[in-house]
file work.cif (mmCIF, C-alpha atoms)
data_target
#
loop_
_atom_site.label_atom_id
_atom_site.label_comp_id
_atom_site.auth_asym_id
_atom_site.auth_seq_id
_atom_site.Cartn_x
_atom_site.Cartn_y
_atom_site.Cartn_z
CA ALA A 133 -0.28 2.34 -8.84
CA GLN A 134 -1.82 3.71 -5.71
CA LYS A 135 -3.48 7.10 -5.64
CA VAL A 136 -5.37 9.21 -3.14
CA THR A 137 -7.70 12.01 -4.18
CA GLN A 138 -8.96 14.72 -1.87
CA ALA A 139 -11.11 16.79 -4.18
CA GLN A 140 -11.87 19.50 -1.63
CA THR A 141 -8.97 21.94 -1.54
CA GLU A 142 -10.44 24.20 1.12
CA ILE A 143 -13.58 24.16 3.24
CA SER A 144 -14.85 27.01 5.39
CA VAL A 145 -17.46 26.48 8.08
CA VAL A 146 -18.78 28.30 11.08
CA GLU A 147 -18.21 26.86 14.52
CA LYS A 148 -20.67 24.10 15.52
CA GLU A 149 -21.37 23.10 11.93
CA ASP A 150 -20.75 19.52 10.87
CA VAL A 151 -18.24 19.01 8.09
CA THR A 152 -17.22 16.02 5.98
CA LEU A 153 -13.84 15.68 4.32
CA ASP A 154 -13.81 13.38 1.32
CA CYS A 155 -11.13 10.87 0.42
CA VAL A 156 -11.17 8.54 -2.60
CA TYR A 157 -8.41 6.04 -3.18
CA GLU A 158 -7.16 3.73 -5.91
CA THR A 159 -5.23 0.53 -5.36
CA ARG A 160 -4.84 -2.88 -6.98
CA ASP A 161 -4.05 -4.61 -3.71
CA THR A 162 -6.66 -6.45 -1.72
CA THR A 163 -4.78 -5.70 1.47
CA TYR A 164 -4.17 -2.04 2.18
CA TYR A 165 -4.39 0.54 4.93
CA LEU A 166 -5.95 3.96 5.06
CA PHE A 167 -4.96 6.80 7.33
CA TRP A 168 -5.97 10.32 8.26
CA TYR A 169 -3.46 12.86 9.53
CA LYS A 170 -4.03 16.37 10.82
CA GLN A 171 -1.59 19.23 10.24
CA PRO A 172 -2.45 22.22 12.45
CA PRO A 173 -1.01 25.69 11.74
CA SER A 174 2.02 24.80 13.87
CA GLY A 175 3.05 22.40 11.10
CA GLU A 176 3.44 19.01 12.73
CA LEU A 177 1.62 15.96 11.40
CA VAL A 178 -0.68 14.27 13.87
CA PHE A 179 -1.93 10.74 13.30
CA LEU A 180 -5.71 10.42 13.68
CA ILE A 181 -6.79 6.99 12.54
CA ARG A 182 -5.78 3.83 10.67
CA ARG A 183 -8.16 1.42 8.96
CA ASN A 184 -7.30 -1.83 7.17
CA SER A 185 -9.09 -3.02 4.05
CA PHE A 186 -10.79 -5.91 5.81
CA ASP A 187 -12.48 -3.76 8.41
CA GLU A 188 -15.32 -1.71 6.99
CA GLN A 189 -16.81 -0.90 10.34
CA ASN A 190 -17.26 2.82 10.81
CA GLU A 191 -15.47 4.39 13.74
CA ILE A 192 -16.37 7.20 16.07
CA SER A 193 -14.00 8.99 18.40
CA GLY A 194 -15.62 11.88 20.21
CA ARG A 195 -16.60 14.45 17.59
CA TYR A 196 -14.70 12.59 14.86
CA SER A 197 -16.12 9.78 12.76
CA TRP A 198 -14.90 7.89 9.74
CA ASN A 199 -16.92 6.17 7.02
CA PHE A 200 -15.05 3.49 5.06
CA GLN A 201 -16.82 2.16 1.97
CA LYS A 202 -14.92 -0.29 -0.22
CA SER A 203 -17.70 -0.27 -2.82
CA THR A 204 -16.94 3.38 -3.62
CA SER A 205 -13.25 3.32 -2.59
CA SER A 206 -13.87 6.08 -0.11
CA PHE A 207 -12.74 6.82 3.42
CA ASN A 208 -14.51 10.00 4.49
CA PHE A 209 -13.94 11.92 7.69
CA THR A 210 -16.68 13.83 9.51
CA ILE A 211 -16.24 16.35 12.27
CA THR A 212 -19.39 16.97 14.27
CA ALA A 213 -19.95 20.35 15.91
CA SER A 214 -16.73 21.79 14.55
CA GLN A 215 -14.54 24.02 16.71
CA VAL A 216 -11.96 26.66 15.89
CA VAL A 217 -9.24 24.27 17.07
CA ASP A 218 -10.22 21.91 14.24
CA SER A 219 -8.79 24.40 11.75
CA ALA A 220 -5.98 22.53 10.03
CA VAL A 221 -4.98 20.75 6.86
CA TYR A 222 -6.20 17.17 6.84
CA PHE A 223 -4.47 14.49 4.82
CA CYS A 224 -5.79 11.13 3.77
CA ALA A 225 -3.13 8.51 3.02
CA LEU A 226 -2.89 4.98 1.66
CA SER A 227 -0.39 2.21 2.33
CA GLU A 228 -0.31 -0.97 0.30
CA ALA A 229 1.30 -4.25 1.24
CA GLY A 230 5.04 -3.87 1.52
CA TYR A 231 7.13 -1.40 3.42
CA SER A 232 4.41 0.82 4.79
CA THR A 233 5.30 3.81 2.64
CA LEU A 234 2.40 6.25 2.58
CA THR A 235 0.84 7.82 -0.48
CA PHE A 236 -0.81 11.07 0.55
CA GLY A 237 -3.63 13.04 -0.95
CA LYS A 238 -3.05 16.72 -1.54
CA GLY A 239 -4.86 17.66 1.62
CA THR A 240 -7.98 19.63 2.53
CA MET A 241 -7.61 22.87 4.44
CA LEU A 242 -10.42 23.29 6.95
CA LEU A 243 -11.12 26.76 8.29
CA VAL A 244 -13.50 26.98 11.22
CA SER A 245 -14.53 30.50 12.10
CA PRO A 246 -16.11 31.55 15.38
CA ASN B 112 9.87 11.48 24.98
CA ALA B 113 11.46 12.98 21.84
CA GLY B 114 10.03 10.69 19.13
CA VAL B 115 11.34 11.90 15.77
CA THR B 116 13.69 14.88 15.80
CA GLN B 117 14.82 16.80 12.74
CA THR B 118 17.81 19.09 12.53
CA PRO B 119 17.83 21.94 11.53
CA LYS B 120 14.32 23.46 11.71
CA PHE B 121 15.05 26.19 9.16
CA ARG B 122 17.76 26.74 6.58
CA VAL B 123 18.46 29.07 3.69
CA LEU B 124 20.85 27.85 1.01
CA LYS B 125 22.29 29.43 -2.07
CA THR B 126 21.91 27.60 -5.37
CA GLY B 127 24.66 25.04 -5.74
CA GLN B 128 25.41 24.69 -2.04
CA SER B 129 25.18 21.36 -0.30
CA MET B 130 23.69 20.40 3.02
CA THR B 131 22.56 17.45 5.10
CA LEU B 132 19.32 17.13 7.02
CA LEU B 133 19.47 14.89 10.06
CA CYS B 134 16.64 12.78 11.37
CA ALA B 135 16.87 10.91 14.65
CA GLN B 136 14.28 8.64 16.23
CA ASP B 137 14.31 7.09 19.67
CA MET B 138 11.49 4.58 19.20
CA ASN B 139 13.68 1.74 17.85
CA HIS B 140 11.74 1.81 14.58
CA GLU B 141 13.05 -0.18 11.64
CA TYR B 142 11.52 1.94 8.89
CA MET B 143 12.36 5.55 8.21
CA TYR B 144 11.22 7.96 5.49
CA TRP B 145 11.88 11.36 4.01
CA TYR B 146 8.97 13.31 2.51
CA ARG B 147 8.74 16.75 1.03
CA GLN B 148 5.66 18.95 1.29
CA ASP B 149 4.90 21.58 -1.31
CA PRO B 150 1.80 23.80 -1.56
CA GLY B 151 -1.05 21.96 -3.24
CA MET B 152 1.01 18.78 -3.64
CA GLY B 153 0.55 16.99 -0.35
CA LEU B 154 3.51 14.99 0.90
CA ARG B 155 5.66 13.08 -1.54
CA LEU B 156 8.12 10.34 -0.65
CA ILE B 157 11.75 11.08 -1.49
CA HIS B 158 13.62 8.07 -0.10
CA TYR B 159 13.03 5.50 2.56
CA SER B 160 14.87 2.84 4.53
CA VAL B 161 13.68 -0.51 5.81
CA GLY B 162 16.61 -1.02 8.14
CA GLU B 163 20.13 -0.04 9.04
CA GLY B 164 22.33 0.05 5.95
CA THR B 165 19.43 -0.02 3.47
CA THR B 166 17.88 2.74 1.38
CA ALA B 167 15.39 2.87 -1.48
CA LYS B 168 14.00 5.49 -3.84
CA GLY B 169 10.58 6.96 -3.43
CA GLU B 170 8.46 9.03 -5.78
CA VAL B 171 10.75 12.07 -6.11
CA PRO B 172 14.36 10.97 -5.43
CA ASP B 173 16.23 13.08 -7.99
CA GLY B 174 18.70 15.55 -6.50
CA TYR B 175 18.77 13.83 -3.11
CA ASN B 176 20.87 11.14 -1.46
CA VAL B 177 20.31 9.35 1.82
CA SER B 178 22.20 7.20 4.27
CA ARG B 179 21.18 5.00 7.19
CA LEU B 180 24.42 4.10 8.93
CA LYS B 181 22.74 3.76 12.31
CA LYS B 182 19.28 2.43 13.00
CA GLN B 183 18.19 5.57 14.78
CA ASN B 184 19.44 8.06 12.18
CA PHE B 185 18.40 8.80 8.60
CA LEU B 186 20.27 11.51 6.72
CA LEU B 187 19.03 13.39 3.67
CA GLY B 188 21.65 15.10 1.53
CA LEU B 189 21.40 17.74 -1.14
CA GLU B 190 24.64 17.78 -3.14
CA SER B 191 23.89 20.86 -5.24
CA ALA B 192 20.79 22.67 -4.09
CA ALA B 193 18.35 24.08 -6.62
CA PRO B 194 15.43 26.51 -6.13
CA SER B 195 13.06 23.63 -6.99
CA GLN B 196 14.15 21.99 -3.76
CA THR B 197 12.66 24.79 -1.71
CA SER B 198 10.18 22.89 0.42
CA VAL B 199 9.29 21.64 3.86
CA TYR B 200 10.94 18.31 4.56
CA PHE B 201 9.49 15.76 6.93
CA CYS B 202 11.15 12.72 8.35
CA ALA B 203 9.07 9.84 9.67
CA SER B 204 9.55 6.44 11.20
CA SER B 205 7.42 3.36 11.77
CA ARG B 206 7.56 -0.16 13.12
CA VAL B 207 7.98 -3.22 10.91
CA LEU B 208 4.35 -4.28 11.35
CA ARG B 209 2.54 -3.78 8.06
CA GLY B 210 0.07 -0.95 8.05
CA THR B 211 1.33 0.65 11.21
CA GLU B 212 1.17 4.40 11.43
CA ALA B 213 4.18 6.60 10.79
CA PHE B 214 5.39 9.14 13.32
CA PHE B 215 6.60 12.42 11.90
CA GLY B 216 9.20 14.95 12.91
CA GLN B 217 8.49 18.65 13.18
CA GLY B 218 9.71 19.40 9.68
CA THR B 219 12.57 21.41 8.18
CA ARG B 220 11.77 24.48 6.14
CA LEU B 221 14.42 24.83 3.43
CA THR B 222 14.68 27.79 1.11
CA VAL B 223 17.08 27.75 -1.83
CA VAL B 224 17.79 31.16 -3.30
#
call {"tool": "encode", "arguments": {"input": "work.cif", "output": "structure tokens"}}
result
Amino acid sequence: AQKVTQAQTEISVVEKEDVTLDCVYETRDTTYYLFWYKQPPSGELVFLIRRNSFDEQNEISGRYSWNFQKSTSSFNFTITASQVVDSAVYFCALSEAGYSTLTFGKGTMLLVSP
Amino acid sequence: NAGVTQTPKFRVLKTGQSMTLLCAQDMNHEYMYWYRQDPGMGLRLIHYSVGEGTTAKGEVPDGYNVSRLKKQNFLLGLESAAPSQTSVYFCASSRVLRGTEAFFGQGTRLTVV
């Protein structure tokens, strides 16, 4: 069975600090997909990134970067120079082969203070 | 560009009452999903559909029914609401392509008293 663990329930940082959100997953499939979603205080879920199991290349998008390591079953998310607008709950999710249903972690609440 | 629209946004029910949550998507997606979000639990899949006329159970299906009579709509029903069903409900949709991202609605906050 698939499982996603986000061990950090809540993280508090001061603006401009770097912060890493951890995500560890479990799956028996060799083909799978990993996702990060952001849920700001307004409540909607915003898609951030998708990564398939055959692509271990790290990705950078502005202040956001993702580190995918199959050897440790991790897909960590780093925000560089955090800003108050980054305050949100961040969810890591896993989709195995099949109908693209997502298994979510419990989320990490990030609080960025000025 | 509406995307995924959920109706209603908020609702308060009394225990034992029934209601239907409506989800509509205008992206011609084949797959649709209903999730519930509870504090400290993340999002959990209730039911999903891989096409018009099909439905399947997710992780937490008990107490809910669904129907997908039209491709663009996915209905979630509560026949006899219970306080344990107090939650925020999210509908989502995605294309057929494996591993594609899901697009979510704004959520429905349901309180059962």
call {"tool": "interface_residues", "arguments": {"input": "work.cif", "of": "chain B", "to": "chain A", "cutoff": "12 Å", "atoms": "all atoms listed in the file", "output": "number ranges by chain"}}
result
B: 115-117, 120, 141-162, 166-170, 199-220
call {"tool": "resolve_selection", "arguments": {"input": "work.cif", "expression": "the PyMOL selection byres ((chain A and resi 160) around 8)", "output": "PDB file with C-alpha atoms, keeping the file's coordinate frame"}}
result
ATOM      1  CA  ALA A 133      -0.280   2.340  -8.840  1.00  0.00           C
ATOM      2  CA  GLN A 134      -1.820   3.710  -5.710  1.00  0.00           C
ATOM      3  CA  GLU A 158      -7.160   3.730  -5.910  1.00  0.00           C
ATOM      4  CA  THR A 159      -5.230   0.530  -5.360  1.00  0.00           C
ATOM      5  CA  ASP A 161      -4.050  -4.610  -3.710  1.00  0.00           C
ATOM      6  CA  THR A 162      -6.660  -6.450  -1.720  1.00  0.00           C
TER       7      THR A 162
END
call {"tool": "atom_distance", "arguments": {"input": "work.cif", "atom1": "CA of Ala193 (chain B)", "atom2": "CA of Lys125 (chain B)"}}
result
8.1 Å
call {"tool": "residues_around", "arguments": {"input": "work.cif", "residues": "Cys155 (chain A)", "least_positions_apart": "5", "cutoff": "7 Å", "atoms": "only C-alpha atoms", "output": "number ranges by chain"}}
result
A: 136-138, 206-208, 224
call {"tool": "write_last_selection", "arguments": {"input": "work.cif", "atoms": "C-alpha atoms", "output": "PDB file, in the frame of the given file"}}
result
ATOM      1  CA  VAL A 136      -5.370   9.210  -3.140  1.00  0.00           C
ATOM      2  CA  THR A 137      -7.700  12.010  -4.180  1.00  0.00           C
ATOM      3  CA  GLN A 138      -8.960  14.720  -1.870  1.00  0.00           C
ATOM      4  CA  SER A 206     -13.870   6.080  -0.110  1.00  0.00           C
ATOM      5  CA  PHE A 207     -12.740   6.820   3.420  1.00  0.00           C
ATOM      6  CA  ASN A 208     -14.510  10.000   4.490  1.00  0.00           C
ATOM      7  CA  CYS A 224      -5.790  11.130   3.770  1.00  0.00           C
TER       8      CYS A 224
END
call {"tool": "atom_distance", "arguments": {"input": "work.cif", "atom1": "CA of Leu153 (chain A)", "atom2": "CA of Asp187 (chain A)"}}
result
19.9 Å
call {"tool": "resolve_selection", "arguments": {"input": "work.cif", "expression": "the PyMOL selection byres ((chain B and resi 197) around 8)", "output": "ChimeraX atom specification"}}
result
/B:193-196,198-199,220-223
call {"tool": "resolve_selection", "arguments": {"input": "work.cif", "expression": "the PyMOL selection byres ((chain B and resi 113) around 9)", "output": "PDB file with C-alpha atoms, in the frame of the given file"}}
result
ATOM      1  CA  ASN B 112       9.870  11.480  24.980  1.00  0.00           C
ATOM      2  CA  GLY B 114      10.030  10.690  19.130  1.00  0.00           C
ATOM      3  CA  VAL B 115      11.340  11.900  15.770  1.00  0.00           C
ATOM      4  CA  THR B 116      13.690  14.880  15.800  1.00  0.00           C
ATOM      5  CA  GLN B 136      14.280   8.640  16.230  1.00  0.00           C
ATOM      6  CA  ASP B 137      14.310   7.090  19.670  1.00  0.00           C
ATOM      7  CA  MET B 138      11.490   4.580  19.200  1.00  0.00           C
TER       8      MET B 138
END
